[in-house]
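Asks: Below are the structure tokens for one structure; questions will follow.
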Amino acid sequence: MALDLILRKARIGTHEPQTVDIAVADGRIAGIAPEIAADGPEENLAGRVVVAGLVETHIHLDKACILDRCKSEQGTLAEAIAEVAAAKRDFSEDDVYRRARRTLEKSILQGTMRMRTHVEVDPRIGLKGFHAIQRLQKDYRWAIDIEICVFPQEGLLNDPGTEELLIAACEQGADLIGGCPYTDSDPHGQIARIFAIARRFDRDIDFHLDFDLEPSRMDLDEVCRQTQAAGWGGRVAVGHVTKLSAIGRERFAEIAKRLADAGVAVTVLPATDLYLMGRDRDHDVPRGVTAVHRLLEYGVVCSIATNNVLNPFTPFGDCSLVRMANLYANVTQIGRPAELASCLDMVTTFPAKLMNLKNYGIKIGNPADLVVLDCGDPALAVAELARPLFGLKNGRRSFVCPPPRLLAQSSTFG
Ligand SMILES: [Zn+2]
């Protein structure tokens with residue numbers, strides 16, 4: 001067989017110290033072995049870590065890059081929702097496309113190759129945002145697989161006309177359906193409607209959920225109950241659940257078991273949670289980030305994701321999932337190498353599982369979606385913010401970021 005490329009001495013997986021060669025042919029992984037004896041173009045990675053492309057499970061491309069039109073003075077969730085709701089009235093399809101493209105290109109350069117993006121649908125924006133992201137989905141297929149999750153950011157039962165638009169988006173190819181019960185006048189009513197739409201169109205579900213630090217009332221139990229009632233285990237994810245950062249170990253363990261039993265996955269969004277939570281405090285501000293690595297111990301599928309970029313929800317963002325894994329590890333006080341490595345798993349293999357990706361991973365026959373990180377150890381990738389040096393999407397180079405070089409000079413002149 002004619003090989004298109006052989007990556008030599010790659011370190012794959014987070015727990016295997018031996019290096020392997022990876023052969024690429026016809027856009028797919030054609031071989032993985034300690035030494036592949038074949039000819040063809042090759043690249044010696046000298047023991048660098050290779051991952052199967054980073055996986056972003058939760059990002060809002062449609063409302064990225066709007067800091068020039070919004071204020072973030074209080075830094076609260078209520079302010080962010082109100083500011084974006086006002087700005088959204090002036091969004092056009094082209095405007096959404098341009099801002100989303102800028103954000104998407106940054107993500108690609110950071111090594112992201114699979115993405116779930118949440119897109120707002122309501123009677124003000126209509127399907128303009130959805131159509132813009134659909135165009136982007138098609139235009140960037142050479143570099144990234146995007147799935148679109150349409151959802152009602154400003155409520156469903158309190159916002160007549162929204163449900164019809166969500167249904168229209170599903171009819172036009174939305175990949176999954178999302179919810180945001182905490183902005184609804186009837187949170188449990190919204191959860192029930194979202195499940196009804198998911199069943200009608202056979203779609204997975206991704207909720208924004210339990211997004212404050214008041215643990216006395218949670219919607220999580222209702223989501224688990226509906227998941228089991230619908231037989232939707234393994235097809236439901238929830239994002240934020242910052243309330244879980246405000247409870248003790250015993251209750252945390254009970255909820256972790258409940259999530260694992262129901263098959264509900266969890267995404268933590270450290271940049272947004274850190275920025276928006278605890279704004280009622282003027283000192284000793286809580287971190288407000290749920291310790292998802294402790295949920296992993298119970299068998300809950302967990303991911304670390306970006307959420308927002310340069311808007312009132314999160315006025316930061318380089319779209320780097322490696323940076324997000326590092327931020328998460330730092331905030332949740334992770335230092336052991338195995339746990340640091342599991343943070344890399346939470347931007348690669350676990351999110352692939354959360355998204356039910358069938359052809360993800362460095363395995364023979366899978367698409368050759370590969371990213372080379374400039375480090376020799378998965379734990380250090382998180383600790384040192386290793387740069388993605390280049391990526392292959394379906395066997396073709398989709399980006400390069402050569403490492404920076406020092407330009408040494410003699411310290412004396414003449
Ligand atoms: Zn979100």
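Residues are named by chain letter and number: chains run A, B, ... in the order of the structure tokens, numbers start at 1 in each chain, and ligands are numbered from 1 in the order shown.
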Show me which residues are within 7 Å of ligand 1 counting only C-alpha atoms and all ligand atoms, and format the list as a PyMOL selection string.

Replies: chain A and resi 58-60+118+208+239+307-308

Asks: Let's have the selection written as a PDB file, in the first residue's frame, with all heavy atoms.

Replies:
ATOM      1  N   HIS A  58     -18.535  22.525  24.008  1.00  0.00           N
ATOM      2  CA  HIS A  58     -19.462  23.598  24.410  1.00  0.00           C
ATOM      3  C   HIS A  58     -18.841  24.962  24.111  1.00  0.00           C
ATOM      4  O   HIS A  58     -17.999  25.446  24.854  1.00  0.00           O
ATOM      5  CB  HIS A  58     -19.761  23.446  25.916  1.00  0.00           C
ATOM      6  CG  HIS A  58     -20.855  24.332  26.409  1.00  0.00           C
ATOM      7  ND1 HIS A  58     -21.905  23.864  27.186  1.00  0.00           N
ATOM      8  CD2 HIS A  58     -21.093  25.655  26.248  1.00  0.00           C
ATOM      9  CE1 HIS A  58     -22.724  24.865  27.474  1.00  0.00           C
ATOM     10  NE2 HIS A  58     -22.249  25.970  26.920  1.00  0.00           N
ATOM     11  N   ILE A  59     -19.246  25.546  22.984  1.00  0.00           N
ATOM     12  CA  ILE A  59     -18.756  26.890  22.635  1.00  0.00           C
ATOM     13  C   ILE A  59     -19.872  27.626  21.896  1.00  0.00           C
ATOM     14  O   ILE A  59     -20.626  27.033  21.129  1.00  0.00           O
ATOM     15  CB  ILE A  59     -17.459  26.798  21.785  1.00  0.00           C
ATOM     16  CG1 ILE A  59     -16.834  28.190  21.571  1.00  0.00           C
ATOM     17  CG2 ILE A  59     -17.693  26.095  20.458  1.00  0.00           C
ATOM     18  CD1 ILE A  59     -15.410  28.144  20.996  1.00  0.00           C
ATOM     19  N   HIS A  60     -19.963  28.930  22.164  1.00  0.00           N
ATOM     20  CA  HIS A  60     -20.994  29.760  21.520  1.00  0.00           C
ATOM     21  C   HIS A  60     -20.347  30.603  20.426  1.00  0.00           C
ATOM     22  O   HIS A  60     -19.905  31.727  20.682  1.00  0.00           O
ATOM     23  CB  HIS A  60     -21.670  30.663  22.549  1.00  0.00           C
ATOM     24  CG  HIS A  60     -22.422  29.924  23.613  1.00  0.00           C
ATOM     25  ND1 HIS A  60     -23.778  29.730  23.561  1.00  0.00           N
ATOM     26  CD2 HIS A  60     -21.987  29.302  24.741  1.00  0.00           C
ATOM     27  CE1 HIS A  60     -24.171  29.031  24.623  1.00  0.00           C
ATOM     28  NE2 HIS A  60     -23.095  28.758  25.355  1.00  0.00           N
ATOM     29  N   HIS A 118     -23.219  25.754  20.520  1.00  0.00           N
ATOM     30  CA  HIS A 118     -24.585  26.069  20.956  1.00  0.00           C
ATOM     31  C   HIS A 118     -25.041  27.346  20.251  1.00  0.00           C
ATOM     32  O   HIS A 118     -24.346  28.357  20.287  1.00  0.00           O
ATOM     33  CB  HIS A 118     -24.620  26.269  22.471  1.00  0.00           C
ATOM     34  CG  HIS A 118     -24.360  25.004  23.235  1.00  0.00           C
ATOM     35  ND1 HIS A 118     -25.343  24.327  23.904  1.00  0.00           N
ATOM     36  CD2 HIS A 118     -23.224  24.283  23.408  1.00  0.00           C
ATOM     37  CE1 HIS A 118     -24.835  23.236  24.467  1.00  0.00           C
ATOM     38  NE2 HIS A 118     -23.545  23.195  24.185  1.00  0.00           N
ATOM     39  N   HIS A 208     -27.871  23.785  29.514  1.00  0.00           N
ATOM     40  CA  HIS A 208     -27.183  24.675  30.452  1.00  0.00           C
ATOM     41  C   HIS A 208     -27.927  24.493  31.782  1.00  0.00           C
ATOM     42  O   HIS A 208     -29.146  24.673  31.821  1.00  0.00           O
ATOM     43  CB  HIS A 208     -27.309  26.127  30.003  1.00  0.00           C
ATOM     44  CG  HIS A 208     -26.495  26.456  28.789  1.00  0.00           C
ATOM     45  ND1 HIS A 208     -26.813  26.005  27.537  1.00  0.00           N
ATOM     46  CD2 HIS A 208     -25.365  27.193  28.659  1.00  0.00           C
ATOM     47  CE1 HIS A 208     -25.899  26.464  26.678  1.00  0.00           C
ATOM     48  NE2 HIS A 208     -25.018  27.173  27.329  1.00  0.00           N
ATOM     49  N   GLY A 239     -24.185  21.358  31.167  1.00  0.00           N
ATOM     50  CA  GLY A 239     -23.032  22.252  31.285  1.00  0.00           C
ATOM     51  C   GLY A 239     -23.161  23.177  32.484  1.00  0.00           C
ATOM     52  O   GLY A 239     -24.273  23.499  32.908  1.00  0.00           O
ATOM     53  N   ASN A 307     -16.863  27.490  26.257  1.00  0.00           N
ATOM     54  CA  ASN A 307     -18.101  28.249  26.409  1.00  0.00           C
ATOM     55  C   ASN A 307     -18.077  29.559  25.611  1.00  0.00           C
ATOM     56  O   ASN A 307     -18.457  29.575  24.463  1.00  0.00           O
ATOM     57  CB  ASN A 307     -18.445  28.513  27.873  1.00  0.00           C
ATOM     58  CG  ASN A 307     -19.905  28.893  28.056  1.00  0.00           C
ATOM     59  OD1 ASN A 307     -20.750  28.443  27.291  1.00  0.00           O
ATOM     60  ND2 ASN A 307     -20.220  29.719  29.024  1.00  0.00           N
ATOM     61  N   ASN A 308     -17.633  30.658  26.226  1.00  0.00           N
ATOM     62  CA  ASN A 308     -17.738  31.942  25.540  1.00  0.00           C
ATOM     63  C   ASN A 308     -16.384  32.572  25.296  1.00  0.00           C
ATOM     64  O   ASN A 308     -15.428  32.323  26.029  1.00  0.00           O
ATOM     65  CB  ASN A 308     -18.626  32.883  26.356  1.00  0.00           C
ATOM     66  CG  ASN A 308     -20.094  32.607  26.103  1.00  0.00           C
ATOM     67  OD1 ASN A 308     -20.605  32.863  25.018  1.00  0.00           O
ATOM     68  ND2 ASN A 308     -20.778  32.050  27.095  1.00  0.00           N
TER      69      ASN A 308
END

Asks: Excluding range 283-288 of chain A and any residue of its chain fewer than 6 positions from it, enumerate the residues within 12 Å of it, using only C-alpha atoms, and give them as a tab-separated table (two decimals) with N, CA, C and O atoms, in the first residue's frame.

Replies:
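Result saved to selection_15.tsv:
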chain	number	residue	atom	x	y	z
A	210	ASP	N	-28.23	24.51	36.31
A	210	ASP	CA	-27.84	24.73	37.72
A	210	ASP	C	-26.64	25.67	37.85
A	210	ASP	O	-25.64	25.34	38.49
A	211	PHE	N	-26.83	26.86	37.27
A	211	PHE	CA	-25.73	27.79	37.08
A	211	PHE	C	-25.77	28.91	38.11
A	211	PHE	O	-26.03	30.07	37.79
A	212	ASP	N	-25.62	28.55	39.38
A	212	ASP	CA	-25.37	29.52	40.45
A	212	ASP	C	-24.78	28.73	41.62
A	212	ASP	O	-24.46	27.55	41.46
A	213	LEU	N	-24.64	29.37	42.76
A	213	LEU	CA	-23.99	28.69	43.88
A	213	LEU	C	-24.97	28.42	45.03
A	213	LEU	O	-24.56	28.26	46.18
A	214	GLU	N	-26.28	28.38	44.70
A	214	GLU	CA	-27.31	28.12	45.70
A	214	GLU	C	-27.78	26.66	45.54
A	214	GLU	O	-28.56	26.34	44.66
A	215	PRO	N	-27.28	25.77	46.40
A	215	PRO	CA	-27.52	24.34	46.17
A	215	PRO	C	-28.86	23.80	46.69
A	215	PRO	O	-29.15	22.63	46.54
A	240	HIS	N	-22.04	23.61	33.02
A	240	HIS	CA	-21.90	24.47	34.21
A	240	HIS	C	-22.09	23.66	35.50
A	240	HIS	O	-21.12	23.32	36.14
A	241	VAL	N	-23.38	23.39	35.87
A	241	VAL	CA	-23.71	22.77	37.17
A	241	VAL	C	-22.77	23.24	38.29
A	241	VAL	O	-22.25	22.44	39.07
A	242	THR	N	-22.62	24.55	38.37
A	242	THR	CA	-21.75	25.15	39.39
A	242	THR	C	-22.28	24.90	40.81
A	242	THR	O	-21.51	24.99	41.76
A	243	LYS	N	-23.58	24.62	40.92
A	243	LYS	CA	-24.14	24.31	42.24
A	243	LYS	C	-23.38	23.15	42.89
A	243	LYS	O	-23.28	23.08	44.12
A	244	LEU	N	-22.84	22.25	42.07
A	244	LEU	CA	-22.11	21.10	42.62
A	244	LEU	C	-20.79	21.51	43.28
A	244	LEU	O	-20.18	20.72	43.99
A	245	SER	N	-20.37	22.76	43.03
A	245	SER	CA	-19.14	23.24	43.71
A	245	SER	C	-19.47	23.78	45.09
A	245	SER	O	-18.57	24.13	45.85
A	246	ALA	N	-20.79	23.84	45.41
A	246	ALA	CA	-21.21	24.47	46.67
A	246	ALA	C	-21.81	23.45	47.64
A	246	ALA	O	-22.53	23.83	48.56
A	247	ILE	N	-21.53	22.16	47.42
A	247	ILE	CA	-22.07	21.13	48.32
A	247	ILE	C	-20.94	20.28	48.89
A	247	ILE	O	-19.85	20.21	48.33
A	268	VAL	N	-17.68	21.08	32.28
A	268	VAL	CA	-17.31	22.21	33.13
A	268	VAL	C	-16.74	23.31	32.23
A	268	VAL	O	-16.05	23.03	31.26
A	269	LEU	N	-17.08	24.56	32.57
A	269	LEU	CA	-16.71	25.70	31.73
A	269	LEU	C	-15.97	26.70	32.61
A	269	LEU	O	-16.51	27.72	33.05
A	270	PRO	N	-14.69	26.39	32.92
A	270	PRO	CA	-13.98	27.10	33.99
A	270	PRO	C	-13.87	28.61	33.77
A	270	PRO	O	-14.01	29.38	34.73
A	271	ALA	N	-13.63	29.05	32.54
A	271	ALA	CA	-13.40	30.50	32.32
A	271	ALA	C	-14.66	31.28	32.67
A	271	ALA	O	-14.60	32.30	33.38
A	272	THR	N	-15.81	30.82	32.20
A	272	THR	CA	-17.07	31.52	32.46
A	272	THR	C	-17.47	31.39	33.93
A	272	THR	O	-17.89	32.37	34.55
A	273	ASP	N	-17.36	30.18	34.47
A	273	ASP	CA	-17.78	29.96	35.85
A	273	ASP	C	-16.95	30.83	36.80
A	273	ASP	O	-17.50	31.45	37.72
A	274	LEU	N	-15.66	30.91	36.57
A	274	LEU	CA	-14.80	31.76	37.41
A	274	LEU	C	-15.16	33.23	37.27
A	274	LEU	O	-15.12	33.99	38.23
A	275	TYR	N	-15.51	33.63	36.05
A	275	TYR	CA	-15.78	35.05	35.81
A	275	TYR	C	-17.12	35.48	36.40
A	275	TYR	O	-17.24	36.57	36.97
A	276	LEU	N	-18.14	34.64	36.29
A	276	LEU	CA	-19.50	35.07	36.66
A	276	LEU	C	-19.92	34.70	38.08
A	276	LEU	O	-20.80	35.35	38.65
A	277	MET	N	-19.34	33.67	38.65
A	277	MET	CA	-19.83	33.20	39.95
A	277	MET	C	-19.28	34.05	41.10
A	277	MET	O	-18.22	34.63	41.01
A	327	LEU	N	-6.21	25.71	33.14
A	327	LEU	CA	-6.96	26.58	34.05
A	327	LEU	C	-7.76	25.73	35.03
A	327	LEU	O	-7.77	25.98	36.24
A	328	TYR	N	-8.43	24.72	34.49
A	328	TYR	CA	-9.24	23.83	35.34
A	328	TYR	C	-8.35	23.16	36.40
A	328	TYR	O	-8.69	23.12	37.58
A	330	ASN	N	-5.51	24.07	37.60
A	330	ASN	CA	-4.99	25.04	38.57
A	330	ASN	C	-6.07	25.40	39.60
A	330	ASN	O	-5.85	25.38	40.81
A	331	VAL	N	-7.27	25.69	39.10
A	331	VAL	CA	-8.35	26.14	39.98
A	331	VAL	C	-8.82	25.03	40.92
A	331	VAL	O	-9.20	25.27	42.05
A	332	THR	N	-8.80	23.78	40.43
A	332	THR	CA	-9.28	22.68	41.27
A	332	THR	C	-8.13	21.99	42.00
A	332	THR	O	-8.29	20.91	42.56
A	333	GLN	N	-6.97	22.62	41.97
A	333	GLN	CA	-5.81	22.20	42.78
A	333	GLN	C	-5.32	20.80	42.42
A	333	GLN	O	-5.03	19.99	43.29

Asks: A:Glu164, A:Asp318, A:Glu93, A:Glu297: which is nearest Ser342 in chain A, counting only C-alpha atoms?

Replies: A:Glu297

Asks: Skip Glu171 in chain A itself and residues of its chain fewer than 5 positions away, then list as an mmCIF file with N, CA, C and O atoms, in the first residue's frame all residues within 12 Å of it, counting only C-alpha atoms.

Replies:
data_model
loop_
_atom_site.group_PDB
_atom_site.id
_atom_site.type_symbol
_atom_site.label_atom_id
_atom_site.label_comp_id
_atom_site.auth_asym_id
_atom_site.auth_seq_id
_atom_site.Cartn_x
_atom_site.Cartn_y
_atom_site.Cartn_z
ATOM 1 N N LEU A 127 -33.859 32.286 12.802
ATOM 2 C CA LEU A 127 -32.894 31.238 12.455
ATOM 3 C C LEU A 127 -31.630 31.826 11.807
ATOM 4 O O LEU A 127 -30.839 31.096 11.209
ATOM 5 N N VAL A 150 -29.089 23.715 18.846
ATOM 6 C CA VAL A 150 -29.939 24.911 18.962
ATOM 7 C C VAL A 150 -30.589 24.922 20.347
ATOM 8 O O VAL A 150 -30.961 23.880 20.872
ATOM 9 N N GLU A 164 -41.506 26.681 18.109
ATOM 10 C CA GLU A 164 -41.685 26.462 16.667
ATOM 11 C C GLU A 164 -40.352 26.639 15.930
ATOM 12 O O GLU A 164 -40.057 25.911 14.970
ATOM 13 N N LEU A 165 -39.552 27.615 16.377
ATOM 14 C CA LEU A 165 -38.253 27.849 15.728
ATOM 15 C C LEU A 165 -37.267 26.718 16.011
ATOM 16 O O LEU A 165 -36.497 26.313 15.124
ATOM 17 N N LEU A 166 -37.289 26.195 17.231
ATOM 18 C CA LEU A 166 -36.417 25.054 17.554
ATOM 19 C C LEU A 166 -36.790 23.859 16.678
ATOM 20 O O LEU A 166 -35.913 23.150 16.162
ATOM 21 N N LEU A 176 -28.488 18.666 17.340
ATOM 22 C CA LEU A 176 -29.089 18.322 18.619
ATOM 23 C C LEU A 176 -29.784 19.519 19.223
ATOM 24 O O LEU A 176 -29.737 20.625 18.687
ATOM 25 N N ILE A 177 -30.474 19.243 20.345
ATOM 26 C CA ILE A 177 -31.320 20.262 20.952
ATOM 27 C C ILE A 177 -30.802 20.561 22.358
ATOM 28 O O ILE A 177 -30.409 19.651 23.081
ATOM 29 N N ILE A 197 -39.098 17.311 22.135
ATOM 30 C CA ILE A 197 -38.521 17.618 20.808
ATOM 31 C C ILE A 197 -37.420 16.601 20.473
ATOM 32 O O ILE A 197 -37.322 16.106 19.351
ATOM 33 N N ALA A 198 -36.590 16.271 21.474
ATOM 34 C CA ALA A 198 -35.503 15.307 21.250
ATOM 35 C C ALA A 198 -36.054 13.952 20.806
ATOM 36 O O ALA A 198 -35.517 13.322 19.891
ATOM 37 N N ARG A 200 -39.004 13.408 19.379
ATOM 38 C CA ARG A 200 -39.639 13.529 18.064
ATOM 39 C C ARG A 200 -38.611 13.451 16.940
ATOM 40 O O ARG A 200 -38.849 12.825 15.911
ATOM 41 N N PHE A 201 -37.453 14.108 17.140
ATOM 42 C CA PHE A 201 -36.449 14.161 16.064
ATOM 43 C C PHE A 201 -35.268 13.209 16.298
ATOM 44 O O PHE A 201 -34.305 13.242 15.546
ATOM 45 N N ASP A 202 -35.333 12.415 17.360
ATOM 46 C CA ASP A 202 -34.251 11.484 17.686
ATOM 47 C C ASP A 202 -32.902 12.213 17.818
ATOM 48 O O ASP A 202 -31.922 11.876 17.168
ATOM 49 N N ARG A 203 -32.878 13.232 18.668
ATOM 50 C CA ARG A 203 -31.676 14.043 18.864
ATOM 51 C C ARG A 203 -31.143 13.903 20.290
ATOM 52 O O ARG A 203 -31.920 13.746 21.233
#

Asks: Give me the residues within 8 Å of range 345-350 of chain A as a ChimeraX atom specification, counting only C-alpha atoms and dropping any in the same chain fewer than 2 places off.

Replies: /A:14,51-56,301-305,321-322,325,341-343,352-354,360-361

Asks: Using only C-alpha atoms, which residue out of A:Ala386, A:Leu220, A:Cys375, A:Ile334 lies closest to Leu45 in chain A?

Replies: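 Of all the options, A:Cys375 lies closest to Leu45 in chain A.
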
Asks: Write out as a PyMOL selection string each polymer residue whose atoms come within 8 Å of Ile194 in chain A, counting only C-alpha atoms; drop sequence neighbours fewer than 2 positions from it.

Replies: chain A and resi 177-179+190-192+196-198+205

Asks: From a backbone DSSP assignment, name each residue in range 138-212 of chain A labelled helix (DSSP H, G or I), as number ranges by chain.

Replies: A: 138-139, 162-171, 181-183, 187-201

Asks: Determine the nearest neighbour of Arg193 in chain A from the options A:Met115, A:Val223, A:Ala381, A:Val50, counting only C-alpha atoms.

Replies: A:Val223

Asks: Leaving out Ile12 in chain A and any residue of its chain fewer than 3 positions from it, which residues lie within 8 Å of it when counting only C-alpha atoms, given as a count of residues only?

Replies: 7

Asks: Would you mind reading off the distance between CA of Asp186 in chain A and CA of Cys170 in chain A, one decimal, in Å?

Replies: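 Going from CA of Asp186 in chain A over to CA of Cys170 in chain A, I get 22.6 Å.
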
Asks: Excluding range 73-81 of chain A and residues on its chain fewer than 6 positions from it, collect all residues at most 7 Å away from it, counting only C-alpha atoms, and give them as a PyMOL selection string.

Replies: chain A and resi 276+279+312-313

Asks: Those residues you just picked out, can you put them in a file as a PDB file, in the first residue's frame with N, CA, C and O atoms?

Replies:
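In the end it all went to out.pdb:
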ATOM      1  N   LEU A 276     -18.142  34.638  36.292  1.00  0.00           N
ATOM      2  CA  LEU A 276     -19.498  35.067  36.661  1.00  0.00           C
ATOM      3  C   LEU A 276     -19.923  34.699  38.084  1.00  0.00           C
ATOM      4  O   LEU A 276     -20.805  35.349  38.653  1.00  0.00           O
ATOM      5  N   ARG A 279     -20.306  36.812  42.475  1.00  0.00           N
ATOM      6  CA  ARG A 279     -20.251  38.272  42.335  1.00  0.00           C
ATOM      7  C   ARG A 279     -20.900  39.016  43.496  1.00  0.00           C
ATOM      8  O   ARG A 279     -20.754  40.234  43.614  1.00  0.00           O
ATOM      9  N   PRO A 312     -19.814  39.339  27.170  1.00  0.00           N
ATOM     10  CA  PRO A 312     -20.017  39.623  28.599  1.00  0.00           C
ATOM     11  C   PRO A 312     -20.079  38.385  29.497  1.00  0.00           C
ATOM     12  O   PRO A 312     -19.958  38.499  30.717  1.00  0.00           O
ATOM     13  N   PHE A 313     -20.249  37.203  28.922  1.00  0.00           N
ATOM     14  CA  PHE A 313     -20.184  35.980  29.733  1.00  0.00           C
ATOM     15  C   PHE A 313     -18.727  35.642  30.078  1.00  0.00           C
ATOM     16  O   PHE A 313     -18.451  35.035  31.108  1.00  0.00           O
TER      17      PHE A 313
END

Asks: Restricting the calculation to only C-alpha atoms: of A:Ile32, A:Val119, A:Ala23, A:Ala10, which residue gets closest to Lys363 in chain A?

Replies: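 Among A:Ile32, A:Val119, A:Ala23, A:Ala10, it is A:Ile32 that comes nearest to Lys363 in chain A.
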
Asks: Choose the residue, out of A:Ser320, A:Ala253, A:Ala87, A:Thr267, that has the smallest atom-to-atom separation from Arg294 in chain A; count only C-alpha atoms.

Replies: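 Ranked by minimum distance to Arg294 in chain A, first place goes to A:Ala253.
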
Asks: Taking the DSSP assignment computed from this structure's backbone, write out as a CSV table (one decimal) with N, CA, C and O atoms, in the first residue's frame all residues of range 63-147 of chain A that belong to strand (DSSP E).

Replies:
chain,number,residue,atom,x,y,z
A,112,THR,N,-8.2,22.0,17.7
A,112,THR,CA,-9.6,21.5,17.9
A,112,THR,C,-10.1,21.0,16.5
A,112,THR,O,-10.0,21.6,15.5
A,113,MET,N,-10.6,19.7,16.5
A,113,MET,CA,-11.0,19.1,15.3
A,113,MET,C,-12.4,18.6,15.3
A,113,MET,O,-13.0,18.2,14.3
A,114,ARG,N,-13.0,18.6,16.5
A,114,ARG,CA,-14.5,18.2,16.6
A,114,ARG,C,-15.1,19.3,17.6
A,114,ARG,O,-14.4,19.6,18.5
A,115,MET,N,-16.3,19.7,17.3
A,115,MET,CA,-16.9,20.8,18.0
A,115,MET,C,-18.4,20.6,18.1
A,115,MET,O,-19.0,20.4,17.1
A,116,ARG,N,-18.9,20.9,19.3
A,116,ARG,CA,-20.4,21.1,19.5
A,116,ARG,C,-20.5,22.6,19.8
A,116,ARG,O,-20.0,23.1,20.8
A,117,THR,N,-21.3,23.3,18.9
A,117,THR,CA,-21.5,24.7,19.2
A,117,THR,C,-23.0,24.9,19.5
A,117,THR,O,-23.9,24.4,18.9
A,118,HIS,N,-23.2,25.8,20.5
A,118,HIS,CA,-24.6,26.1,21.0
A,118,HIS,C,-25.0,27.3,20.3
A,118,HIS,O,-24.3,28.4,20.3
A,119,VAL,N,-26.2,27.3,19.6
A,119,VAL,CA,-26.7,28.4,18.8
A,119,VAL,C,-28.1,28.9,19.3
A,119,VAL,O,-29.0,28.0,19.5
A,120,GLU,N,-28.2,30.2,19.6
A,120,GLU,CA,-29.4,30.7,20.1
A,120,GLU,C,-30.5,30.8,19.1
A,120,GLU,O,-30.3,31.3,18.0
A,145,ASP,N,-15.0,19.0,12.3
A,145,ASP,CA,-16.4,18.6,12.3
A,145,ASP,C,-17.2,19.3,13.3
A,145,ASP,O,-16.9,19.2,14.5
A,146,ILE,N,-18.2,20.0,12.9
A,146,ILE,CA,-19.0,20.8,13.8
A,146,ILE,C,-20.4,20.2,13.9
A,146,ILE,O,-21.0,19.9,12.9
A,147,GLU,N,-20.9,20.1,15.2
A,147,GLU,CA,-22.3,19.8,15.3
A,147,GLU,C,-23.0,21.0,16.0
A,147,GLU,O,-22.5,21.7,16.8

Asks: So, counting only C-alpha atoms, which residue among A:Pro152, A:Pro187, A:Gly27, A:Gly231 is closest to Arg199 in chain A?

Replies: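 Of the candidates, the smallest distance to Arg199 in chain A is held by A:Gly231.
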